[in-house]
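Asker: Before I ask anything, let me first share the structure, which is written out below as structure tokens.
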Amino acid sequence: MRSLGLLLATVSFSHYSSAFTGGHRDIYHDGYGQDIHRRNIVYNGQIADEYDFVIVGGGTAGLVLASRLSEDASTSVLVLEAGDTGDSAAESINTPVMAYYAGLPGTSYDWAYKTVIQPNAGNRPMSWPCGKLLGGSSAMNGLYDVRPSKIEIDAMSRLVDGGDKWSWDNFYQGLQASETFTPPTSDIQAIANIQYDASSRGTSGPVHASYPGFEFTTIGNWTSTLVNVGVKATANAYGGEGWGAFIATNTINPANWTRSYARSAYIDPLPPRDNLAVLPNATVTRLLFDTSNANNLTATGIEWASGADAPRQTVKVRKEVILSSGAMGSPRVLQYSGVGPADVLKTAGVDVQVDLPGVGQHLQDHVSTGLLFKTDTDTAASLYASKATGNTPQFLSYVNSAIAYVGSSILFGDDGSTTLRQQIADALPSSLDTLVPSTSDAVKQGYAAIYNTTLNDVFPSSVGQVEILLQLTSTAPDGSNALIIQAGLQHPYSQGRLYITSADPFTQPTLDPQYLSHPVDKTILREGLKLARKIAGTAPLSAAVGEEVTPGSAVQTDAEWEAWLAQNIGTEFHPSSTCAMLPREQGGVVDADLKVYGLGNVRVVDASVFPISVSAHLQAPVYGLAEQAAKMIRASYSGNSTSNSNSGSGSNGSTTGTGQTDPSDNGTIALASSGSFALLVAALVASLLS
């Protein structure tokens, strides 16, 4: 039956683009070139000449769209992914703990972006890992599953005409549709002191949201410690009030303790679909346009290549091109296609098709750093090194999940928060003059709109200004056991940009997030780090906390904190807003339908469209965005809204990971004996890349 299905899928295409070179290092051939979990992935480079929808990017959002749009058998869908399939890295991808010890950053599956030198952050360039494979960064992140708040989503929706379709009530539907929530076992719930409200969670979506099969009593002391420093514990962080302290869910399939990510959730469980093709190793070099209507160009095709030296291929588009290449990739594709700031395009040697100054602007990112303490207790790092647990699948599912989102009134007090808010408001005119990386009046208006929304809707609310994380996956520099309490800035007032400098689409763009260019960002993060130190010294967590190694007791004053953090911050891997959903006259790139201004049939669906930064890891909101976008797109052609059904079953998830376990017996394990393991403190990088 399998060979018959593959044969029918093959003969359904009468014409092929077959000049494919470069091959796939990731091919795992069976007798038919593919197996049951790779049926819709094209391994031989042969695709049809024309598709209804071409999705640029097979990452977190792109594979959601591919799965949902191809539910309509009369609609043909092609995904072009620049990276490989990830098959050869299956163990690293599917085993959650490998995100810390054998992850994909720095490998061929990483775009390996790097920022320009950041003058306010120690005159350092910053590494920006980004997934370059099917599943995108959902295949390499730290598996945090955290939602933004209703306040943030509603504020975002008010920034553009027609944005009510992105209000919390609507966005929430997409969040629910994307996931299947599985509660923790009673043992894990007791050890980690997990509180949850299942009524706010999805029950039949493709992505698994659950908890590790192994936990530590240290984690169980998290929420009570936060309560003792004035941060409330929340039992329902997923229903629109995502602040306070809680134990977050992770994208883990509890049936086999593997990572649940965009490919394993939305593509691998699908039956063969004659109308769906997912082509890896296909870098889109530009969009091709019919320019007969200069005010509203129509994309007629896509140019792509398997490598910088490979021949350029083209595929035609009947309905739409959907860019889902992320906050770095989507504006990059637009600019190489001649859509973007005219001055940037001309300097790079690209013909201007649409002068759209906001493309690549409004770049926002979370930055963080952490305090490292020695501990006498067991940690994930020590047990992993000693193999004291036998490194069972349950233990190997362990990832960090103790989290808190802390608002301005807790950080500064009510009076201090009011004073700081006024100072931020007073700084807007000078910020517009000196901090906006564009001469465009439209971009400056957009900067002001984002700034004022962040200041007036978010800052005075309970929404987290900083994120506090506890991680047990690193060691001290001397190899001893350690824990880290991290603080991350969630709503930066600093905005940067991305721009191309060459007409060669295989040349990396220039990334300048302008970290800490607005002084209040440093102030807010400083107070978050002070709170992290206070948490470490507060019972009951303090019983597990020993000597503070980094930054150490020498850092005490505000000036010392600010000097230290400038030298030690890094990305939390949550860049957004480079194709912002704003009015065109405010430097916007897409409207409320996610359509690019000046282009009749090109949309953007990924984190680049969020106009403001949100207090969450971006994986969950991107899934929600893509689910709603798919409904909107299908409705625009059918005239009716569509249900989120018949996609990858929530009962399947990742099927190629280590260890198969009966879901009725999660085999949870309590704390075991200790060991040692020399890991760089930089292991915290993997814990946040989500």
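Letters for chains follow the order of the structure tokens (A, B, ...), residue numbers begin at 1 for each chain, and ligand numbers begin at 1 in the order shown.
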Quick one: everything within 9 Å of A:Val333, counting only C-alpha atoms, minus sequence neighbours fewer than 3 positions away in the same chain. Send it as a count of residues only.

Answerer: 14

Asker: Residues of stretch 123-276 of chain A in alpha helix (DSSP H) according to DSSP, as number ranges by chain?

Answerer: A: 150-157, 168-178, 186-192, 217-220, 222-228, 262-266

Asker: Could those residues be written to a file, using N, CA and C atoms, as a compact mmCIF listing (two decimals), in the first residue's frame?

Answerer:
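What ended up in selection04.txt:
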# COMPACT_ATOMS: atom_id res chain seq x y z
N LYS A 150 -3.18 38.64 27.35
CA LYS A 150 -4.28 39.30 26.66
C LYS A 150 -3.98 40.79 26.48
N ILE A 151 -3.40 41.42 27.49
CA ILE A 151 -3.09 42.85 27.40
C ILE A 151 -2.18 43.13 26.22
N GLU A 152 -1.16 42.32 26.04
CA GLU A 152 -0.21 42.54 24.94
C GLU A 152 -0.85 42.30 23.58
N ILE A 153 -1.59 41.20 23.45
CA ILE A 153 -2.18 40.87 22.16
C ILE A 153 -3.24 41.89 21.77
N ASP A 154 -4.06 42.30 22.72
CA ASP A 154 -5.07 43.32 22.40
C ASP A 154 -4.41 44.65 22.04
N ALA A 155 -3.35 45.02 22.74
CA ALA A 155 -2.64 46.26 22.41
C ALA A 155 -2.07 46.19 21.01
N MET A 156 -1.52 45.05 20.65
CA MET A 156 -0.98 44.85 19.32
C MET A 156 -2.06 44.98 18.25
N SER A 157 -3.21 44.41 18.53
CA SER A 157 -4.28 44.41 17.53
C SER A 157 -4.81 45.81 17.26
N TRP A 168 -7.21 39.23 21.39
CA TRP A 168 -6.93 38.05 22.20
C TRP A 168 -7.94 36.94 21.97
N ASP A 169 -9.21 37.28 21.90
CA ASP A 169 -10.22 36.24 21.76
C ASP A 169 -10.01 35.43 20.49
N ASN A 170 -9.59 36.09 19.42
CA ASN A 170 -9.32 35.38 18.17
C ASN A 170 -7.97 34.68 18.19
N PHE A 171 -6.96 35.36 18.70
CA PHE A 171 -5.62 34.79 18.75
C PHE A 171 -5.61 33.53 19.63
N TYR A 172 -6.37 33.60 20.70
CA TYR A 172 -6.47 32.47 21.64
C TYR A 172 -6.96 31.20 20.94
N GLN A 173 -7.84 31.36 19.96
CA GLN A 173 -8.32 30.20 19.20
C GLN A 173 -7.16 29.50 18.50
N GLY A 174 -6.25 30.29 17.95
CA GLY A 174 -5.09 29.70 17.28
C GLY A 174 -4.17 29.00 18.26
N LEU A 175 -3.98 29.60 19.43
CA LEU A 175 -3.15 28.96 20.45
C LEU A 175 -3.74 27.61 20.85
N GLN A 176 -5.05 27.59 21.06
CA GLN A 176 -5.71 26.35 21.45
C GLN A 176 -5.63 25.30 20.35
N ALA A 177 -5.82 25.73 19.11
CA ALA A 177 -5.84 24.79 17.98
C ALA A 177 -4.49 24.13 17.76
N SER A 178 -3.42 24.78 18.22
CA SER A 178 -2.09 24.27 17.92
C SER A 178 -1.64 23.17 18.86
N SER A 186 1.16 12.58 38.81
CA SER A 186 1.04 13.03 40.20
C SER A 186 2.40 13.16 40.87
N ASP A 187 3.34 12.27 40.55
CA ASP A 187 4.67 12.34 41.14
C ASP A 187 5.40 13.61 40.70
N ILE A 188 5.38 13.88 39.42
CA ILE A 188 6.06 15.07 38.90
C ILE A 188 5.40 16.33 39.43
N GLN A 189 4.09 16.33 39.48
CA GLN A 189 3.38 17.51 39.99
C GLN A 189 3.77 17.79 41.44
N ALA A 190 3.91 16.75 42.23
CA ALA A 190 4.26 16.93 43.63
C ALA A 190 5.70 17.40 43.79
N ILE A 191 6.61 16.81 43.04
CA ILE A 191 8.03 17.18 43.17
C ILE A 191 8.26 18.63 42.77
N ALA A 192 7.68 19.03 41.65
CA ALA A 192 7.92 20.38 41.11
C ALA A 192 6.89 21.40 41.57
N THR A 217 13.53 18.62 43.40
CA THR A 217 12.87 19.33 44.50
C THR A 217 13.24 20.81 44.50
N THR A 218 14.40 21.15 43.93
CA THR A 218 14.77 22.56 43.80
C THR A 218 13.73 23.32 43.00
N ILE A 219 13.24 22.71 41.94
CA ILE A 219 12.19 23.33 41.13
C ILE A 219 10.92 23.47 41.95
N GLY A 220 10.65 22.50 42.81
CA GLY A 220 9.46 22.56 43.64
C GLY A 220 9.44 23.72 44.61
N TRP A 222 10.45 26.75 43.77
CA TRP A 222 10.48 27.98 42.97
C TRP A 222 9.31 28.92 43.29
N THR A 223 8.10 28.45 43.10
CA THR A 223 6.96 29.37 43.20
C THR A 223 6.79 29.90 44.62
N SER A 224 7.03 29.08 45.63
CA SER A 224 6.89 29.57 47.00
C SER A 224 7.96 30.61 47.32
N THR A 225 9.15 30.45 46.75
CA THR A 225 10.19 31.46 46.94
C THR A 225 9.80 32.78 46.29
N LEU A 226 9.25 32.71 45.10
CA LEU A 226 8.83 33.94 44.41
C LEU A 226 7.72 34.64 45.18
N VAL A 227 6.81 33.86 45.74
CA VAL A 227 5.76 34.46 46.57
C VAL A 227 6.39 35.21 47.74
N ASN A 228 7.45 34.65 48.30
CA ASN A 228 8.10 35.28 49.45
C ASN A 228 8.87 36.55 49.11
N ALA A 262 7.64 21.60 14.95
CA ALA A 262 6.77 21.85 13.80
C ALA A 262 6.73 20.68 12.83
N ARG A 263 7.88 20.06 12.57
CA ARG A 263 7.87 18.95 11.62
C ARG A 263 7.19 17.72 12.22
N SER A 264 7.57 17.33 13.44
CA SER A 264 7.00 16.12 14.03
C SER A 264 5.51 16.28 14.32
N ALA A 265 5.08 17.52 14.53
CA ALA A 265 3.67 17.77 14.85
C ALA A 265 2.80 17.92 13.61
N TYR A 266 3.27 18.69 12.64
CA TYR A 266 2.40 19.08 11.53
C TYR A 266 2.66 18.34 10.22

Asker: Find, counting only C-alpha atoms, the residue in A:Asp521, A:Asp457, A:Asp52, A:Asp378 that gets nearest to A:Val315.

Answerer: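 Looking only at the distances to A:Val315, the closest residue turns out to be A:Asp52.
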
Asker: Restricting the calculation to only C-alpha atoms: of A:Gln195, A:Gln422, A:Asn253, A:Ser88, which residue gets closest to A:Val207?

Answerer: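 Closest candidate: A:Asn253.
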
Asker: List the spatial neighbours of A:Gln335 as a PyMOL selection string - criterion: any atom at most 12 Å away, only C-alpha atoms, same-chain residues fewer than 2 positions off excluded.

Answerer: chain A and resi 285-287+328-333+337-361+498-505+509+578-579+589

Asker: Output N, CA and C atoms of each residue in that selection to a file, as a CSV table (one decimal), in the first residue's frame.

Answerer:
chain,number,residue,atom,x,y,z
A,285,THR,N,15.8,32.9,-3.7
A,285,THR,CA,16.7,34.0,-4.0
A,285,THR,C,15.9,35.3,-4.3
A,286,ARG,N,14.7,35.2,-4.8
A,286,ARG,CA,13.9,36.4,-5.0
A,286,ARG,C,12.5,36.0,-5.4
A,287,LEU,N,11.6,36.9,-5.3
A,287,LEU,CA,10.2,36.7,-5.8
A,287,LEU,C,10.2,37.4,-7.2
A,328,MET,N,14.5,37.3,10.6
A,328,MET,CA,15.7,37.6,9.8
A,328,MET,C,15.4,37.3,8.3
A,329,GLY,N,14.8,36.1,8.1
A,329,GLY,CA,14.6,35.6,6.7
A,329,GLY,C,13.6,36.4,5.9
A,330,SER,N,12.4,36.7,6.4
A,330,SER,CA,11.4,37.3,5.6
A,330,SER,C,11.7,38.7,5.1
A,331,PRO,N,12.2,39.6,5.9
A,331,PRO,CA,12.6,40.9,5.4
A,331,PRO,C,13.8,40.8,4.4
A,332,ARG,N,14.6,39.8,4.6
A,332,ARG,CA,15.8,39.5,3.7
A,332,ARG,C,15.2,39.2,2.3
A,333,VAL,N,14.3,38.2,2.3
A,333,VAL,CA,13.7,37.8,1.0
A,333,VAL,C,13.1,39.0,0.3
A,337,SER,N,14.2,40.9,-3.3
A,337,SER,CA,13.2,40.9,-4.3
A,337,SER,C,12.9,42.3,-4.8
A,338,GLY,N,13.6,43.3,-4.2
A,338,GLY,CA,13.3,44.7,-4.5
A,338,GLY,C,12.2,45.4,-3.8
A,339,VAL,N,11.8,44.8,-2.6
A,339,VAL,CA,10.8,45.4,-1.8
A,339,VAL,C,11.4,45.8,-0.5
A,340,GLY,N,11.5,47.1,-0.2
A,340,GLY,CA,12.1,47.5,1.0
A,340,GLY,C,12.5,49.0,0.9
A,341,PRO,N,13.4,49.5,1.8
A,341,PRO,CA,13.8,50.9,1.8
A,341,PRO,C,14.6,51.1,0.5
A,342,ALA,N,14.2,52.1,-0.2
A,342,ALA,CA,14.9,52.4,-1.5
A,342,ALA,C,16.4,52.6,-1.4
A,343,ASP,N,16.8,53.3,-0.3
A,343,ASP,CA,18.2,53.6,-0.2
A,343,ASP,C,19.0,52.4,0.1
A,344,VAL,N,18.5,51.5,0.9
A,344,VAL,CA,19.1,50.2,1.1
A,344,VAL,C,19.3,49.4,-0.1
A,345,LEU,N,18.2,49.3,-0.9
A,345,LEU,CA,18.2,48.5,-2.1
A,345,LEU,C,19.1,49.0,-3.1
A,346,LYS,N,19.1,50.3,-3.3
A,346,LYS,CA,20.0,50.9,-4.3
A,346,LYS,C,21.5,50.7,-4.0
A,347,THR,N,21.8,50.9,-2.7
A,347,THR,CA,23.2,50.7,-2.2
A,347,THR,C,23.6,49.2,-2.4
A,348,ALA,N,22.7,48.3,-2.3
A,348,ALA,CA,23.0,46.9,-2.4
A,348,ALA,C,23.0,46.5,-3.9
A,349,GLY,N,22.6,47.3,-4.8
A,349,GLY,CA,22.5,47.0,-6.2
A,349,GLY,C,21.3,46.2,-6.6
A,350,VAL,N,20.2,46.4,-5.9
A,350,VAL,CA,18.9,45.7,-6.2
A,350,VAL,C,18.0,46.7,-6.8
A,351,ASP,N,17.3,46.3,-7.9
A,351,ASP,CA,16.3,47.2,-8.5
A,351,ASP,C,15.1,47.4,-7.6
A,352,VAL,N,14.7,48.6,-7.4
A,352,VAL,CA,13.6,48.9,-6.5
A,352,VAL,C,12.2,48.5,-7.2
A,353,GLN,N,11.5,47.6,-6.6
A,353,GLN,CA,10.2,47.3,-7.1
A,353,GLN,C,9.1,48.0,-6.3
A,354,VAL,N,9.2,48.0,-5.0
A,354,VAL,CA,8.3,48.8,-4.1
A,354,VAL,C,9.2,49.4,-3.0
A,355,ASP,N,9.1,50.7,-2.9
A,355,ASP,CA,9.8,51.4,-1.8
A,355,ASP,C,8.9,51.3,-0.6
A,356,LEU,N,9.4,50.4,0.3
A,356,LEU,CA,8.7,50.1,1.6
A,356,LEU,C,9.7,50.3,2.7
A,357,PRO,N,9.8,51.5,3.3
A,357,PRO,CA,10.9,51.7,4.2
A,357,PRO,C,10.9,50.9,5.5
A,358,GLY,N,9.8,50.3,5.9
A,358,GLY,CA,9.7,49.6,7.1
A,358,GLY,C,10.3,48.2,7.0
A,359,VAL,N,10.6,47.7,5.9
A,359,VAL,CA,11.1,46.3,5.8
A,359,VAL,C,12.5,46.2,6.4
A,360,GLY,N,12.5,45.4,7.5
A,360,GLY,CA,13.8,45.3,8.2
A,360,GLY,C,13.9,46.2,9.4
A,361,GLN,N,13.0,47.1,9.5
A,361,GLN,CA,13.0,48.1,10.7
A,361,GLN,C,12.2,47.6,11.9
A,498,LEU,N,17.5,45.4,10.2
A,498,LEU,CA,18.2,44.4,9.4
A,498,LEU,C,18.2,44.9,7.9
A,499,TYR,N,19.3,44.8,7.3
A,499,TYR,CA,19.4,45.3,5.9
A,499,TYR,C,20.4,44.5,5.1
A,500,ILE,N,20.2,44.4,3.8
A,500,ILE,CA,21.1,43.7,2.9
A,500,ILE,C,22.2,44.7,2.5
A,501,THR,N,23.4,44.2,2.1
A,501,THR,CA,24.4,45.1,1.6
A,501,THR,C,24.9,44.6,0.3
A,502,SER,N,24.3,43.6,-0.3
A,502,SER,CA,24.7,43.0,-1.5
A,502,SER,C,23.5,42.4,-2.2
A,503,ALA,N,23.6,42.3,-3.6
A,503,ALA,CA,22.5,41.7,-4.3
A,503,ALA,C,22.6,40.2,-4.3
A,504,ASP,N,23.6,39.7,-3.7
A,504,ASP,CA,23.8,38.2,-3.6
A,504,ASP,C,23.0,37.7,-2.5
A,505,PRO,N,21.9,36.9,-2.8
A,505,PRO,CA,21.0,36.4,-1.7
A,505,PRO,C,21.7,35.4,-0.8
A,509,PRO,N,22.7,39.1,5.8
A,509,PRO,CA,22.3,40.5,5.9
A,509,PRO,C,23.0,41.1,7.2
A,578,THR,N,10.3,42.8,12.3
A,578,THR,CA,11.0,43.4,11.1
A,578,THR,C,10.1,43.5,9.9
A,579,CYS,N,8.9,42.9,9.9
A,579,CYS,CA,7.9,43.1,8.9
A,579,CYS,C,6.6,43.5,9.6
A,589,VAL,N,4.8,47.0,7.3
A,589,VAL,CA,5.1,46.1,6.1
A,589,VAL,C,3.9,45.3,5.7

Asker: Which distance in Å separates atom CA of A:Ala566 and atom CA of A:Gly464, to one decimal?

Answerer: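 We find that atom CA of A:Ala566 and atom CA of A:Gly464 lie 21.1 Å from each other.
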
Asker: Considering only C-alpha atoms, return as a ChimeraX atom specification whatever protein or nucleic-acid residues lie within 10 Å of A:Glu527, sequence-local ones (same chain, fewer than 6 positions apart) excluded.

Answerer: /A:408,410-412,466,487,533,558,561-562

Asker: Could you turn the residues from that selection into a file that holds N, CA, C and O atoms, as a compact mmCIF listing (two decimals), in the first residue's frame?

Answerer:
# COMPACT_ATOMS: atom_id res chain seq x y z
N SER A 408 6.29 46.04 36.43
CA SER A 408 7.02 47.24 36.82
C SER A 408 6.81 47.61 38.27
O SER A 408 7.73 48.08 38.95
N ILE A 410 6.38 45.74 40.84
CA ILE A 410 7.18 44.88 41.71
C ILE A 410 8.65 45.27 41.62
O ILE A 410 9.36 45.30 42.63
N LEU A 411 9.11 45.59 40.43
CA LEU A 411 10.52 45.96 40.24
C LEU A 411 10.85 47.30 40.87
O LEU A 411 11.93 47.48 41.44
N PHE A 412 9.93 48.27 40.75
CA PHE A 412 10.24 49.65 41.14
C PHE A 412 9.36 50.19 42.26
O PHE A 412 9.62 51.30 42.75
N VAL A 466 10.34 41.97 33.04
CA VAL A 466 11.46 41.04 32.97
C VAL A 466 10.94 39.62 33.16
O VAL A 466 9.90 39.39 33.77
N ALA A 487 17.76 36.79 34.25
CA ALA A 487 16.78 37.87 34.06
C ALA A 487 16.84 38.30 32.60
O ALA A 487 17.93 38.49 32.05
N ARG A 533 19.08 38.13 42.45
CA ARG A 533 19.93 37.94 43.64
C ARG A 533 19.08 37.80 44.91
O ARG A 533 19.37 36.97 45.77
N ASP A 558 24.19 50.51 41.48
CA ASP A 558 23.54 50.55 40.18
C ASP A 558 24.56 50.65 39.06
O ASP A 558 24.45 49.99 38.02
N TRP A 561 26.24 47.29 38.55
CA TRP A 561 25.34 46.36 37.85
C TRP A 561 25.27 46.69 36.36
O TRP A 561 25.33 45.79 35.51
N GLU A 562 25.12 47.94 36.02
CA GLU A 562 24.97 48.32 34.61
C GLU A 562 26.23 48.06 33.82
O GLU A 562 26.18 47.64 32.66

Asker: What's around A:Gly370 at 12 Å? Count only C-alpha atoms, leave out sequence neighbours fewer than 3 positions away in its own chain, and write the answer as a VMD selection string.

Answerer: chain A and resid 367 373 467 to 471 474 483 to 489 525 to 526 528 to 533 536 548 to 552 561 564 to 565 567 to 570 572 681 to 685 688

Asker: Quick one: DSSP strand (DSSP E) residues in stretch 79-322 of chain A, as a ChimeraX atom specification?

Answerer: /A:79-80,113-114,127-128,144-145,179-181,207-209,244-247,249-250,252-253,258-259,276-279,283-290,298-305,313-322

Asker: Name the closest residue to A:Cys130 among the candidates A:Ala554, A:Ser306, A:Leu472, A:His574; distances are taken between atoms, counting only C-alpha atoms.

Answerer: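 Distance minimum relative to A:Cys130 lands on A:His574.
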
Asker: Considering only C-alpha atoms, return as a PyMOL selection string whatever protein or nucleic-acid residues lie within 9 Å of A:Tyr493, sequence-local ones (same chain, fewer than 3 positions apart) excluded.

Answerer: chain A and resi 364+424+450-451+454-455+516-521
